[in-house]
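Participant: Starting off with a structure, shown below.
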Amino acid sequence: MPGKRVAFDEATWAAVDLLAHDRMMTFQELADEAFRDLLRKHNRPTGLREALRKSARASAEVVPLKRRKAVRKKTRKKAGRRR
């Protein structure tokens, strides 16, 4: 997993650190949740499965099915009666 450095001002870091302690999460877990929410907000896929679904929906052509007319069942005539 690639790593990146993020800089916060003191007040923001204190608030994030307090939130992490209150929720019993690590900074990494908070960051993962925040970036996942950010991607969802901007309609971006967060994983491979979601990306494939979104890609398939965009390129899929929906072809409506033709409806068949209702077929009536013919009743059988009694064996003794023939034309």
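Please note that chains go A, B, ... in the order of the structure tokens, that every chain numbers its residues from 1, and that ligands are numbered from 1 in the order shown.
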Which residues, written as a ChimeraX atom specification, have at least one atom at most 12 Å from region 31-36 of chain A, with only C-alpha atoms counted and residues fewer than 4 positions away on the same chain left out?
Facilitator: /A:4-6,16-17,19-20,25-27,40-47
Participant: Save the residues we just selected, N, CA and C atoms, as a compact mmCIF listing (two decimals), in the first residue's frame?
Facilitator:
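out.txt, freshly written:
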```txt
# COMPACT_ATOMS: atom_id res chain seq x y z
N LYS A 4 1.40 8.15 2.04
CA LYS A 4 1.50 9.58 1.74
C LYS A 4 1.57 10.33 3.06
N ARG A 5 2.19 11.46 3.01
CA ARG A 5 2.31 12.31 4.19
C ARG A 5 1.23 13.38 4.14
N VAL A 6 0.60 13.62 5.27
CA VAL A 6 -0.45 14.63 5.36
C VAL A 6 -0.09 15.59 6.48
N VAL A 16 -8.81 15.60 15.38
CA VAL A 16 -8.78 14.27 14.74
C VAL A 16 -8.28 13.22 15.73
N ASP A 17 -7.26 13.56 16.48
CA ASP A 17 -6.71 12.63 17.46
C ASP A 17 -7.74 12.32 18.55
N LEU A 19 -11.02 12.49 18.22
CA LEU A 19 -12.05 11.66 17.57
C LEU A 19 -11.61 10.22 17.47
N ALA A 20 -10.36 10.00 17.10
CA ALA A 20 -9.82 8.64 16.99
C ALA A 20 -9.88 7.93 18.35
N MET A 25 -10.45 4.13 17.31
CA MET A 25 -9.97 3.82 15.97
C MET A 25 -8.57 4.39 15.82
N THR A 26 -7.86 3.85 14.86
CA THR A 26 -6.55 4.41 14.55
C THR A 26 -6.73 5.56 13.56
N PHE A 27 -5.68 6.34 13.40
CA PHE A 27 -5.73 7.42 12.42
C PHE A 27 -5.98 6.86 11.03
N ARG A 40 -17.45 8.51 -2.45
CA ARG A 40 -18.88 8.29 -2.65
C ARG A 40 -19.60 9.60 -2.96
N LYS A 41 -19.23 10.65 -2.26
CA LYS A 41 -19.85 11.96 -2.46
C LYS A 41 -19.69 12.42 -3.90
N HIS A 42 -18.55 12.11 -4.51
CA HIS A 42 -18.28 12.53 -5.89
C HIS A 42 -18.53 11.42 -6.90
N ASN A 43 -19.33 10.42 -6.50
CA ASN A 43 -19.73 9.31 -7.38
C ASN A 43 -18.55 8.59 -8.02
N ARG A 44 -17.54 8.31 -7.22
CA ARG A 44 -16.38 7.55 -7.68
C ARG A 44 -16.40 6.19 -7.01
N PRO A 45 -16.06 5.14 -7.72
CA PRO A 45 -16.04 3.81 -7.10
C PRO A 45 -14.92 3.70 -6.07
N THR A 46 -15.19 2.94 -5.00
CA THR A 46 -14.21 2.78 -3.93
C THR A 46 -13.46 1.47 -4.02
N GLY A 47 -13.92 0.56 -4.85
CA GLY A 47 -13.26 -0.73 -4.98
C GLY A 47 -13.41 -1.28 -6.39
```
Participant: What are the DSSP helix (DSSP H, G or I) residues of chain A, as a PyMOL selection string?
Facilitator: chain A and resi 10-22+27-41+48-59
Participant: Write a file of the just-selected residues containing C-alpha atoms, as a PDB file, in the first residue's frame.
Facilitator:
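That gives us selection.pdb:
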```pdb
ATOM      1  CA  GLU A  10      -2.311  21.818  15.549  1.00  0.00           C
ATOM      2  CA  ALA A  11      -6.022  22.421  16.196  1.00  0.00           C
ATOM      3  CA  THR A  12      -7.158  20.061  13.442  1.00  0.00           C
ATOM      4  CA  TRP A  13      -4.734  17.354  14.541  1.00  0.00           C
ATOM      5  CA  ALA A  14      -5.959  17.635  18.135  1.00  0.00           C
ATOM      6  CA  ALA A  15      -9.580  17.272  16.982  1.00  0.00           C
ATOM      7  CA  VAL A  16      -8.780  14.274  14.741  1.00  0.00           C
ATOM      8  CA  ASP A  17      -6.711  12.630  17.463  1.00  0.00           C
ATOM      9  CA  LEU A  18      -9.499  13.123  20.011  1.00  0.00           C
ATOM     10  CA  LEU A  19     -12.053  11.663  17.574  1.00  0.00           C
ATOM     11  CA  ALA A  20      -9.821   8.639  16.993  1.00  0.00           C
ATOM     12  CA  HIS A  21      -9.542   8.033  20.743  1.00  0.00           C
ATOM     13  CA  ASP A  22     -13.279   8.557  21.331  1.00  0.00           C
ATOM     14  CA  PHE A  27      -5.734   7.421  12.421  1.00  0.00           C
ATOM     15  CA  GLN A  28      -5.539   5.083   9.402  1.00  0.00           C
ATOM     16  CA  GLU A  29      -9.067   3.799  10.005  1.00  0.00           C
ATOM     17  CA  LEU A  30     -10.389   7.357  10.282  1.00  0.00           C
ATOM     18  CA  ALA A  31      -8.580   8.352   7.083  1.00  0.00           C
ATOM     19  CA  ASP A  32      -9.914   5.288   5.207  1.00  0.00           C
ATOM     20  CA  GLU A  33     -13.469   6.124   6.250  1.00  0.00           C
ATOM     21  CA  ALA A  34     -13.076   9.803   5.345  1.00  0.00           C
ATOM     22  CA  PHE A  35     -11.664   9.118   1.881  1.00  0.00           C
ATOM     23  CA  ARG A  36     -14.261   6.415   1.175  1.00  0.00           C
ATOM     24  CA  ASP A  37     -17.008   8.950   2.031  1.00  0.00           C
ATOM     25  CA  LEU A  38     -15.336  11.596  -0.132  1.00  0.00           C
ATOM     26  CA  LEU A  39     -15.214   9.243  -3.128  1.00  0.00           C
ATOM     27  CA  ARG A  40     -18.882   8.287  -2.645  1.00  0.00           C
ATOM     28  CA  LYS A  41     -19.849  11.961  -2.458  1.00  0.00           C
ATOM     29  CA  LEU A  48     -12.759  -2.967  -7.999  1.00  0.00           C
ATOM     30  CA  ARG A  49     -16.158  -4.650  -7.735  1.00  0.00           C
ATOM     31  CA  GLU A  50     -17.967  -1.308  -7.570  1.00  0.00           C
ATOM     32  CA  ALA A  51     -15.894   0.044 -10.477  1.00  0.00           C
ATOM     33  CA  LEU A  52     -16.826  -2.946 -12.629  1.00  0.00           C
ATOM     34  CA  ARG A  53     -20.519  -2.577 -11.796  1.00  0.00           C
ATOM     35  CA  LYS A  54     -20.458   1.126 -12.621  1.00  0.00           C
ATOM     36  CA  SER A  55     -18.602   0.447 -15.867  1.00  0.00           C
ATOM     37  CA  ALA A  56     -21.066  -2.252 -16.898  1.00  0.00           C
ATOM     38  CA  ARG A  57     -24.059  -0.010 -16.202  1.00  0.00           C
ATOM     39  CA  ALA A  58     -22.643   2.821 -18.285  1.00  0.00           C
ATOM     40  CA  SER A  59     -21.947   0.707 -21.362  1.00  0.00           C
TER      41      SER A  59
END
```
